[in-house]
Amino acid sequence: MTSETLSSETLTRKPRLRRAQKVTAAKTWLNTLVMAVVALVFTFPFIWMFFSALKPESEVFSAKPSFIGSEVKWSNFADAWTLVPFGRFIFNGFFVAIMGALLSVIVAVLSAYAFSRLRFKYRDRLFLLYVLTLVLPQEVLVVPLFIMMNQLGLVDTYAALIIPFAFTAFGTFLLRQFFLTIPIEFEEAALIDGASRFRTLWSVLLPQLTAPLSVLGVFSFVGYYNSYLWPLIIINSQELATVPLGLSMFTGEHGTQWSLMMAASTLAIIPSLIIVAVLQRQLIKGVALGGFGGR
């Protein structure tokens with residue numbers, strides 16, 4: 001191949017490379033634009049809620065909607081905090097959500113390990129029945145659960161808020177699928193070296209499940225933190241009320257104090273935002289890996 005041929009190929013290759021780079025840059029900008037629009041659509045209700053919390057009460061539902069009211073009332077946040085014991089409600093919600101998430105993860109790990117690694121009669125049929133409980137709505141379960149909690153003397157307690165919904169099949173199903181993706185040889189090697197099943201679970205299997213455990217923990221936390229129907233039924237005292245019950249207290253006989261409710265709602269989402277921000281990498285990794293494989 002002569003030098004003239006090489007030079008001609010180089011000259012024709014450069015424009016193609018430039019066009020490819022331009023196409024790649026255009027696709028990148030288009031993807032960024034689409035993602036920004038989608039992010040704006042999903043965050044717009046929260047943005048509107050925040051600015052509504054800063055408006056005077058009479059302007060929240062004004063005829064001419066606007067982000068900024070005639071005055072910026074930061075005092076709405078202080079009023080929402082002091083009108084009802086909202087700090088107590090956030091503490092209750094945070095405590096119940098943390099303890100409920102921990103219990104849900106522990107139950108899910110043990111049950112998922114049993115259904116994926118242990119061999120016993122009717123294992124798969126029992127797992128199928130367990131998963132079928134997911135089709136039961138919460139409204140169907142609250143009455144028998146309330147009767148059971150009443151017979152145990154747990155009505156109007158933290159235990160009644162935490163225990164009943166820690167034994168759901170979602171976490172078991174999710175973690176079982178991840179357990180099935182881990183080669184059985186890892187566990188067999190640990191058992192041959194003398195490790196017990198619990199030691200194998202703790203030292204060999206769980207370190208490989210940090211992402212799905214984070215996903216399950218966040219889902220459980222948000223579920224407990226945002227639960228309204230069950231706390232409404234099982235809690236009688238204001239001292240144990242959670243955030244959703246606290247928000248309902250801004251609605252009274254004379255109407256709803258919308259500006260204070262928007263301020264309280266803004267304060268209420270802060271714990272969830274902190275949890276998601278701290279575990280963001282693990283959440284992305286867990287969603288990317290997916291929990292519905294298996295072998």
# chains A, B, ... in the order shown; residues from 1 in each chain; ligands from 1
call {"tool": "closest_atom_pairs", "arguments": {"of": "stretch 111-222 of chain A", "to": "stretch 276-284 of chain A", "cutoff": "8 Å", "atoms": "only C-alpha atoms", "output": "CSV"}}
result
residue,atom,partner,partner_atom,distance
A:Thr210,CA,A:Gln282,CA,7.2
A:Ala211,CA,A:Gln282,CA,4.8
A:Pro212,CA,A:Leu283,CA,7.7
A:Ser214,CA,A:Gln282,CA,6.2
A:Val215,CA,A:Leu283,CA,5.4
A:Val218,CA,A:Val276,CA,7.2
call {"tool": "residues_around", "arguments": {"residues": "A:Leu180", "least_positions_apart": "2", "cutoff": "12 Å", "atoms": "only C-alpha atoms", "output": "ChimeraX atom specification"}}
result
/A:112-118,173-178,182-185,187,205,208-209,291-295
call {"tool": "closest_residue", "arguments": {"among": "A:Gln257, A:Glu139, A:Phe51, A:Phe95", "to": "A:Tyr228", "atoms": "only C-alpha atoms"}}
result
A:Glu139
call {"tool": "atom_distance", "arguments": {"atom1": "atom CA of A:Lys73", "atom2": "atom CA of A:Tyr225"}}
result
27.6 Å
call {"tool": "atom_distance", "arguments": {"atom1": "atom CA of A:Leu201", "atom2": "atom CA of A:Ile106"}}
result
11.9 Å
call {"tool": "residues_around", "arguments": {"residues": "A:Asn76", "least_positions_apart": "3", "cutoff": "12 Å", "atoms": "only C-alpha atoms", "output": "list in words"}}
result
Phe50, Phe51, Ser52, Ala53, Leu54, Lys55, Pro56, Glu57, Glu71, Val72, Lys73, Asp79, Ala80, Trp81, Thr82, Leu83, Gln257, Trp258, Ser259, Leu260, Met261, Met262, Ala263, Ala264, Ser265, Thr266 and Leu267 of chain A
call {"tool": "atom_distance", "arguments": {"atom1": "atom CA of A:Val140", "atom2": "atom CA of A:Thr157"}}
result
21.4 Å
call {"tool": "select_by_dssp", "arguments": {"residues": "stretch 35-260 of chain A", "states": "alpha helix (DSSP H)", "output": "MDAnalysis selection string"}}
result
chainID A and resid 35:53 75:83 86:117 123:132 138:151 158:162 169:181 184:192 197:200 210:226 229:234 243:248 258:260
call {"tool": "decode", "arguments": {"residues": "stretch 80-111 of chain A", "atoms": "N, CA and C atoms", "output": "JSON list (two decimals), in the first residue's frame"}}
result
[["chain", "number", "residue", "atom", "x", "y", "z"],
["A", 80, "ALA", "N", -46.42, 25.37, 61.83],
["A", 80, "ALA", "CA", -46.76, 23.96, 61.62],
["A", 80, "ALA", "C", -46.08, 23.07, 62.66],
["A", 81, "TRP", "N", -44.88, 23.46, 63.08],
["A", 81, "TRP", "CA", -44.13, 22.67, 64.04],
["A", 81, "TRP", "C", -44.72, 22.78, 65.45],
["A", 82, "THR", "N", -45.31, 23.95, 65.77],
["A", 82, "THR", "CA", -45.79, 24.20, 67.13],
["A", 82, "THR", "C", -47.30, 24.03, 67.28],
["A", 83, "LEU", "N", -48.05, 24.14, 66.19],
["A", 83, "LEU", "CA", -49.51, 24.02, 66.30],
["A", 83, "LEU", "C", -49.90, 22.63, 66.80],
["A", 84, "VAL", "N", -49.22, 21.62, 66.30],
["A", 84, "VAL", "CA", -49.35, 20.25, 66.80],
["A", 84, "VAL", "C", -47.96, 19.76, 67.16],
["A", 85, "PRO", "N", -47.82, 18.76, 68.00],
["A", 85, "PRO", "CA", -46.48, 18.25, 68.36],
["A", 85, "PRO", "C", -45.84, 17.51, 67.18],
["A", 86, "PHE", "N", -45.51, 18.26, 66.12],
["A", 86, "PHE", "CA", -45.05, 17.62, 64.89],
["A", 86, "PHE", "C", -43.67, 17.00, 65.05],
["A", 87, "GLY", "N", -42.86, 17.56, 65.92],
["A", 87, "GLY", "CA", -41.57, 16.94, 66.19],
["A", 87, "GLY", "C", -41.74, 15.53, 66.76],
["A", 88, "ARG", "N", -42.73, 15.36, 67.62],
["A", 88, "ARG", "CA", -43.02, 14.04, 68.17],
["A", 88, "ARG", "C", -43.49, 13.09, 67.09],
["A", 89, "PHE", "N", -44.30, 13.60, 66.16],
["A", 89, "PHE", "CA", -44.80, 12.76, 65.08],
["A", 89, "PHE", "C", -43.66, 12.28, 64.18],
["A", 90, "ILE", "N", -42.73, 13.17, 63.89],
["A", 90, "ILE", "CA", -41.58, 12.78, 63.06],
["A", 90, "ILE", "C", -40.72, 11.76, 63.79],
["A", 91, "PHE", "N", -40.52, 11.97, 65.09],
["A", 91, "PHE", "CA", -39.76, 10.98, 65.86],
["A", 91, "PHE", "C", -40.45, 9.62, 65.83],
["A", 92, "ASN", "N", -41.76, 9.62, 66.06],
["A", 92, "ASN", "CA", -42.50, 8.35, 66.03],
["A", 92, "ASN", "C", -42.39, 7.69, 64.66],
["A", 93, "GLY", "N", -42.59, 8.48, 63.61],
["A", 93, "GLY", "CA", -42.52, 7.91, 62.27],
["A", 93, "GLY", "C", -41.13, 7.37, 61.95],
["A", 94, "PHE", "N", -40.10, 8.12, 62.35],
["A", 94, "PHE", "CA", -38.73, 7.70, 62.08],
["A", 94, "PHE", "C", -38.39, 6.45, 62.88],
["A", 95, "PHE", "N", -38.79, 6.41, 64.14],
["A", 95, "PHE", "CA", -38.50, 5.25, 64.99],
["A", 95, "PHE", "C", -39.21, 4.00, 64.46],
["A", 96, "VAL", "N", -40.49, 4.12, 64.15],
["A", 96, "VAL", "CA", -41.26, 2.98, 63.64],
["A", 96, "VAL", "C", -40.70, 2.52, 62.31],
["A", 97, "ALA", "N", -40.33, 3.46, 61.43],
["A", 97, "ALA", "CA", -39.81, 3.09, 60.11],
["A", 97, "ALA", "C", -38.46, 2.39, 60.22],
["A", 98, "ILE", "N", -37.58, 2.89, 61.08],
["A", 98, "ILE", "CA", -36.26, 2.27, 61.25],
["A", 98, "ILE", "C", -36.38, 0.87, 61.83],
["A", 99, "MET", "N", -37.15, 0.73, 62.91],
["A", 99, "MET", "CA", -37.29, -0.58, 63.53],
["A", 99, "MET", "C", -38.05, -1.54, 62.62],
["A", 100, "GLY", "N", -39.06, -1.05, 61.94],
["A", 100, "GLY", "CA", -39.80, -1.90, 61.01],
["A", 100, "GLY", "C", -38.95, -2.36, 59.84],
["A", 101, "ALA", "N", -38.11, -1.45, 59.32],
["A", 101, "ALA", "CA", -37.23, -1.82, 58.21],
["A", 101, "ALA", "C", -36.21, -2.86, 58.65],
["A", 102, "LEU", "N", -35.63, -2.69, 59.85],
["A", 102, "LEU", "CA", -34.67, -3.67, 60.36],
["A", 102, "LEU", "C", -35.32, -5.04, 60.55],
["A", 103, "LEU", "N", -36.50, -5.06, 61.15],
["A", 103, "LEU", "CA", -37.18, -6.33, 61.36],
["A", 103, "LEU", "C", -37.57, -6.97, 60.03],
["A", 104, "SER", "N", -38.00, -6.16, 59.07],
["A", 104, "SER", "CA", -38.38, -6.69, 57.76],
["A", 104, "SER", "C", -37.18, -7.32, 57.06],
["A", 105, "VAL", "N", -36.02, -6.67, 57.16],
["A", 105, "VAL", "CA", -34.82, -7.20, 56.52],
["A", 105, "VAL", "C", -34.40, -8.51, 57.18],
["A", 106, "ILE", "N", -34.43, -8.56, 58.51],
["A", 106, "ILE", "CA", -34.04, -9.79, 59.22],
["A", 106, "ILE", "C", -34.96, -10.94, 58.84],
["A", 107, "VAL", "N", -36.26, -10.69, 58.86],
["A", 107, "VAL", "CA", -37.22, -11.74, 58.50],
["A", 107, "VAL", "C", -37.03, -12.18, 57.06],
["A", 108, "ALA", "N", -36.82, -11.22, 56.16],
["A", 108, "ALA", "CA", -36.66, -11.55, 54.75],
["A", 108, "ALA", "C", -35.39, -12.35, 54.50],
["A", 109, "VAL", "N", -34.30, -12.00, 55.17],
["A", 109, "VAL", "CA", -33.03, -12.73, 54.99],
["A", 109, "VAL", "C", -33.18, -14.17, 55.43],
["A", 110, "LEU", "N", -33.73, -14.39, 56.62],
["A", 110, "LEU", "CA", -33.85, -15.75, 57.14],
["A", 110, "LEU", "C", -34.82, -16.59, 56.31],
["A", 111, "SER", "N", -35.95, -16.03, 55.96],
["A", 111, "SER", "CA", -36.93, -16.80, 55.18],
["A", 111, "SER", "C", -36.45, -17.03, 53.76]]
